[in-house]
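Peer 1: Structure in structure tokens, see below.
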Amino acid sequence: MQRDIIFRLALLATFLALFVVVLGAFVRLSDAGLGCPDWPGCYGHVDVPKSIEEVERANAVYPDRPVEAHKAWKEMIHRYFAGTLGLLIFSLAWLSFRNRHRPGQQFKIPLLLVVVVIFQALLGMWTVTIKLNPTIVMSHLLGGLTTMSLLWWVTLRQGHLFEVGFDKEVLKKLKVPALIGLLLVIFQIMLGGWTSANYAALHCSNTILTCQGHVIPPLDFKEAFTLWRGTELNFEGGVLDNTARVTIHFMHRIMAIITFIYLFWLSLTILLQQKYKSLKPVAVALLVIVLAQVTLGISNVVFMLPLPVAVAHNAGAAILLLSMVTLNSVVRPGEENGDS
């Protein structure tokens, strides 16, 4: 009974984490990341200032960031859901630790999740107080995706989901390819986060085969990938020059091609070999998600980053990551002592 409760809690937390990640992308892409200039409240309130007096006081305290209610509400709603997720993770960790002696009970990863979510809250605070520093924004995105992935791993193990009954020697052959695929997806997500955090998504727009009239545009890797530029600047809107932003966007494209080719090959390898027939549902899902994600990426370029498509592209990246976590879980059967 307790095991079922923990499984359902982990599953609920996973879906909520996915929602929080997508909602965070919506907040960022709608330029509401500084909708509330303080943390954890909003202009000193637990919600958004509403009355004329409250708005006037808030504007007096933050004259360079006057209240924009539509942006502030987006930011605060994201914080409410993130806070709820944190409470779910603390509950999951407590229940898991209390039942740690039961066979197959996950408890180390739920405890690790507590550490991750606390650090994630700090990154959320720094995102606001250090005014959208790209390294912190990207780290905050990765923290959210790490939280989601670890919750999904616990869910898979706790519920024995997608477990297949074939020879470990067969599974062993896919361990390295699956891990490489996971690492490629993580690196591509990092590049995507860096592209978004530096406002470089539109710097090779309207065309797929060229970038600002070049097959290989002028590049500046040093400027593009300088990770820390201090805490004094306001990074809203970006601070990099055109060449640096083009470099970031161009590398995101190149890595997208590499990742697509590899995941396409991996999916077909599983689908076409009879010995992997039990993995075919996972491979089909992976192939569909990859094709959808590439389509969304191309649409972002061609249609100049429409908000619904850009948010869907972020959601696709998260779902693609979950599919790779699933594949890696399947090819690494868990042990009965848990946390494997």
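Ordered as shown in the structure tokens, chains take letters A, B, and onward, while each chain numbers its residues from 1 and ligands are numbered from 1 in the order shown.
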With 10 Å as the cut-off and only C-alpha atoms counted, what is the closest atom pair between each nearby residue of segment 191-288 of chain A and segment 15-39 of chain A? Distances in Å to one decimal, ordered by chain and number, as CSV.

Peer 2:
```
residue,atom,partner,partner_atom,distance
A:Gly193,CA,A:Ala25,CA,9.7
A:Ser196,CA,A:Leu29,CA,8.0
A:Ala197,CA,A:Arg28,CA,8.5
A:Tyr199,CA,A:Leu29,CA,9.5
A:Glu236,CA,A:Leu34,CA,8.2
A:Gly237,CA,A:Asp31,CA,8.6
```

Peer 1: Got time to write the residues from that selection, C-alpha atoms, as a short mmCIF file (atom, residue, chain, number, x, y, z; two decimals), in the first residue's frame?

Peer 2:
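New file result-v6.cif:
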```cif
data_model
loop_
_atom_site.label_atom_id
_atom_site.label_comp_id
_atom_site.auth_asym_id
_atom_site.auth_seq_id
_atom_site.Cartn_x
_atom_site.Cartn_y
_atom_site.Cartn_z
CA GLY A 193 18.78 27.15 -22.94
CA SER A 196 17.14 31.48 -25.20
CA ALA A 197 18.93 33.06 -22.22
CA TYR A 199 18.10 36.15 -26.79
CA GLU A 236 17.07 41.37 -20.06
CA GLY A 237 17.07 41.53 -23.85
#
```

Peer 1: If you count only C-alpha atoms, which residues fall within 7 Å of segment 105-120 of chain A, apart from same-chain ones fewer than 2 positions away, as a PyMOL selection string?

Peer 2: chain A and resi 86+89-90+92-93+96-97+99-100+102-103+122-124+140+143+147+154+158+337-339

Peer 1: Of the residues A:Pro217, A:Gly230, A:Gly316, A:Gly159, which is the one nearest to Leu11 of chain A, using only C-alpha atoms?

Peer 2: A:Gly159

Peer 1: List the neighbours of segment 167-177 of chain A out to 7 Å using only C-alpha atoms; skip same-chain residues closer than 4 positions along the sequence, and give me the result as an MDAnalysis selection string.

Peer 2: chainID A and resid 181 328 331

Peer 1: Store the residues of this selection in a file with C-alpha atoms, as a PDB file, in the first residue's frame.

Peer 2:
```pdb
ATOM      1  CA  GLY A 181      21.705   9.522 -26.754  1.00  0.00           C
ATOM      2  CA  ASN A 328      18.065   4.199 -20.147  1.00  0.00           C
ATOM      3  CA  VAL A 331      18.189  -1.126 -20.552  1.00  0.00           C
TER       4      VAL A 331
END
```

Peer 1: Can you tell me, as a list in words, what residues are no more than 8 Å from segment 281-297 of chain A when counting only C-alpha atoms, ignoring any on the same chain fewer than 5 positions away?

Peer 2: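 Close residues of segment 281-297 of chain A: Ala256, Phe260, Leu263, Phe264, Ser267, Leu268, Ile270, Leu271, Val309, Ala310, Ala312, His313, Gly316, Ala317, Ile319, Leu320, Ser323, Met324, Thr326 and Leu327 of chain A.
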
Peer 1: Work out how far apart atom CA of Leu184 of chain A and atom CA of Trp152 of chain A are and give it in Å to one decimal.

Peer 2: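 So the answer is 18.8 Å.
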
Peer 1: Between atom CA of Glu223 of chain A and atom CA of Thr243 of chain A, what is the spacing in Å?

Peer 2: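 Rounded to one decimal, the two atoms are 8.7 Å apart.
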
Peer 1: For Met255 of chain A, please output as a PyMOL selection string all residues within 12 Å (counting only C-alpha atoms; exclusion window: fewer than 5 positions along the same chain).

Peer 2: chain A and resi 183-192+248-250+260-262+294

Peer 1: Considering only C-alpha atoms, state which residue in the set A:Thr195, A:Leu202, A:Lys131, A:Met138 is at the smallest distance from Ser299 of chain A.

Peer 2: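 Of A:Thr195, A:Leu202, A:Lys131, A:Met138, the one nearest Ser299 of chain A, counting only C-alpha atoms, is A:Leu202.
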
Peer 1: Which one of A:His70, A:Arg8, A:His45, A:His78 sits closest to Ala58 of chain A if you count only C-alpha atoms?

Peer 2: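 Of A:His70, A:Arg8, A:His45, A:His78, the one nearest Ala58 of chain A, counting only C-alpha atoms, is A:His45.
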
Peer 1: Would you work out the distance separating atom CA of Leu240 of chain A from atom CA of Glu68 of chain A, expressed in Å to one decimal?

Peer 2: 26.2 Å

Peer 1: Using only C-alpha atoms, find the one residue out of A:Ser278, A:Gly104, A:Gly213, A:Thr259 that sits nearest to Leu182 of chain A.

Peer 2: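 Checking each candidate against Leu182 of chain A, we get A:Thr259 as the closest.
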
Peer 1: Assign secondary structure with DSSP using the backbone only, and return the residues of segment 137-323 of chain A in helix (DSSP H, G or I) as a PyMOL selection string.

Peer 2: chain A and resi 137-159+168-197+221-224+242-272+274-302+307-323

Peer 1: Just write the chosen residues, C-alpha atoms, as a tab-separated table (two decimals), in the first residue's frame.

Peer 2:
```tsv
chain	number	residue	atom	x	y	z
A	137	VAL	CA	18.85	31.19	-16.31
A	138	MET	CA	20.29	28.16	-18.12
A	139	SER	CA	21.18	26.49	-14.81
A	140	HIS	CA	17.64	27.11	-13.55
A	141	LEU	CA	16.26	25.42	-16.67
A	142	LEU	CA	18.63	22.47	-16.23
A	143	GLY	CA	17.70	22.26	-12.55
A	144	GLY	CA	14.03	21.98	-13.46
A	145	LEU	CA	14.73	19.31	-16.05
A	146	THR	CA	16.98	17.43	-13.61
A	147	THR	CA	14.20	17.48	-11.03
A	148	MET	CA	11.71	16.20	-13.60
A	149	SER	CA	14.08	13.46	-14.82
A	150	LEU	CA	14.92	12.20	-11.33
A	151	LEU	CA	11.23	12.10	-10.42
A	152	TRP	CA	10.51	10.11	-13.58
A	153	TRP	CA	13.36	7.70	-12.77
A	154	VAL	CA	11.86	7.12	-9.31
A	155	THR	CA	8.42	6.63	-10.90
A	156	LEU	CA	9.76	4.08	-13.39
A	157	ARG	CA	11.58	2.11	-10.71
A	158	GLN	CA	8.87	2.39	-8.07
A	159	GLY	CA	6.11	1.30	-10.44
A	168	LYS	CA	20.56	-8.96	-19.83
A	169	GLU	CA	23.18	-9.62	-22.51
A	170	VAL	CA	20.76	-8.20	-25.08
A	171	LEU	CA	20.07	-5.17	-22.90
A	172	LYS	CA	23.77	-4.65	-22.31
A	173	LYS	CA	24.34	-3.92	-26.01
A	174	LEU	CA	22.07	-0.88	-25.78
A	175	LYS	CA	23.47	0.60	-22.57
A	176	VAL	CA	26.19	2.69	-24.20
A	177	PRO	CA	24.11	3.82	-27.22
A	178	ALA	CA	21.24	4.82	-24.89
A	179	LEU	CA	23.60	6.73	-22.61
A	180	ILE	CA	25.18	8.55	-25.57
A	181	GLY	CA	21.71	9.52	-26.75
A	182	LEU	CA	20.82	10.85	-23.32
A	183	LEU	CA	24.03	12.91	-23.13
A	184	LEU	CA	23.42	14.34	-26.61
A	185	VAL	CA	19.91	15.40	-25.63
A	186	ILE	CA	21.18	17.01	-22.42
A	187	PHE	CA	23.89	18.92	-24.28
A	188	GLN	CA	21.42	20.05	-26.95
A	189	ILE	CA	19.03	21.27	-24.24
A	190	MET	CA	21.90	23.20	-22.66
A	191	LEU	CA	22.60	24.87	-26.01
A	192	GLY	CA	18.90	25.63	-26.41
A	193	GLY	CA	18.78	27.15	-22.94
A	194	TRP	CA	21.88	29.21	-23.70
A	195	THR	CA	20.30	30.37	-26.97
A	196	SER	CA	17.14	31.48	-25.20
A	197	ALA	CA	18.93	33.06	-22.22
A	221	PHE	CA	33.13	31.34	-29.85
A	222	LYS	CA	34.98	33.21	-27.10
A	223	GLU	CA	32.37	35.93	-26.80
A	224	ALA	CA	29.44	33.59	-27.39
A	242	ASN	CA	25.25	40.07	-33.34
A	243	THR	CA	28.20	37.78	-34.16
A	244	ALA	CA	28.16	36.17	-30.72
A	245	ARG	CA	24.43	35.53	-30.86
A	246	VAL	CA	24.71	34.13	-34.38
A	247	THR	CA	27.43	31.77	-33.10
A	248	ILE	CA	25.16	30.48	-30.34
A	249	HIS	CA	22.22	29.98	-32.68
A	250	PHE	CA	24.37	28.34	-35.36
A	251	MET	CA	25.89	25.86	-32.88
A	252	HIS	CA	22.42	25.01	-31.60
A	253	ARG	CA	21.46	24.15	-35.19
A	254	ILE	CA	24.55	22.04	-35.79
A	255	MET	CA	24.02	20.13	-32.55
A	256	ALA	CA	20.34	19.64	-33.43
A	257	ILE	CA	21.36	17.94	-36.69
A	258	ILE	CA	23.84	15.67	-34.89
A	259	THR	CA	21.31	14.76	-32.18
A	260	PHE	CA	18.56	14.11	-34.73
A	261	ILE	CA	20.74	11.82	-36.84
A	262	TYR	CA	21.90	9.84	-33.82
A	263	LEU	CA	18.42	9.43	-32.26
A	264	PHE	CA	16.91	8.57	-35.65
A	265	TRP	CA	19.56	5.85	-36.07
A	266	LEU	CA	19.03	4.58	-32.53
A	267	SER	CA	15.25	4.39	-32.99
A	268	LEU	CA	15.54	2.53	-36.28
A	269	THR	CA	18.14	0.16	-34.82
A	270	ILE	CA	15.67	-0.86	-32.12
A	271	LEU	CA	12.70	-1.01	-34.50
A	272	LEU	CA	14.39	-3.10	-37.19
A	274	GLN	CA	13.87	-8.58	-33.79
A	275	LYS	CA	15.85	-9.06	-30.59
A	276	TYR	CA	14.67	-5.62	-29.41
A	277	LYS	CA	10.98	-6.21	-30.17
A	278	SER	CA	9.92	-5.56	-26.55
A	279	LEU	CA	11.48	-2.09	-26.81
A	280	LYS	CA	9.60	-1.11	-29.96
A	281	PRO	CA	6.93	1.02	-28.19
A	282	VAL	CA	9.68	3.09	-26.59
A	283	ALA	CA	11.51	3.39	-29.92
A	284	VAL	CA	8.34	4.45	-31.77
A	285	ALA	CA	7.64	7.11	-29.13
A	286	LEU	CA	11.24	8.34	-29.36
A	287	LEU	CA	11.08	8.56	-33.15
A	288	VAL	CA	7.78	10.49	-33.12
A	289	ILE	CA	9.04	12.93	-30.47
A	290	VAL	CA	12.30	13.54	-32.36
A	291	LEU	CA	10.48	14.25	-35.62
A	292	ALA	CA	8.00	16.55	-33.86
A	293	GLN	CA	10.81	18.41	-32.11
A	294	VAL	CA	12.70	19.00	-35.37
A	295	THR	CA	9.48	20.26	-36.98
A	296	LEU	CA	8.91	22.68	-34.11
A	297	GLY	CA	12.52	23.89	-34.30
A	298	ILE	CA	12.21	24.59	-38.03
A	299	SER	CA	8.86	26.34	-37.44
A	300	ASN	CA	10.49	28.62	-34.87
A	301	VAL	CA	13.00	29.74	-37.48
A	302	VAL	CA	10.62	30.08	-40.42
A	307	LEU	CA	5.10	32.08	-28.67
A	308	PRO	CA	2.93	28.90	-28.87
A	309	VAL	CA	5.49	27.16	-31.10
A	310	ALA	CA	8.43	28.27	-28.95
A	311	VAL	CA	6.71	26.98	-25.79
A	312	ALA	CA	5.85	23.71	-27.55
A	313	HIS	CA	9.52	23.38	-28.58
A	314	ASN	CA	10.54	23.66	-24.93
A	315	ALA	CA	7.89	21.10	-23.97
A	316	GLY	CA	9.17	18.81	-26.74
A	317	ALA	CA	12.69	19.03	-25.35
A	318	ALA	CA	11.43	18.03	-21.91
A	319	ILE	CA	9.41	15.11	-23.29
A	320	LEU	CA	12.36	14.00	-25.43
A	321	LEU	CA	14.51	13.98	-22.29
A	322	LEU	CA	11.90	11.87	-20.49
A	323	SER	CA	11.88	9.39	-23.39
```
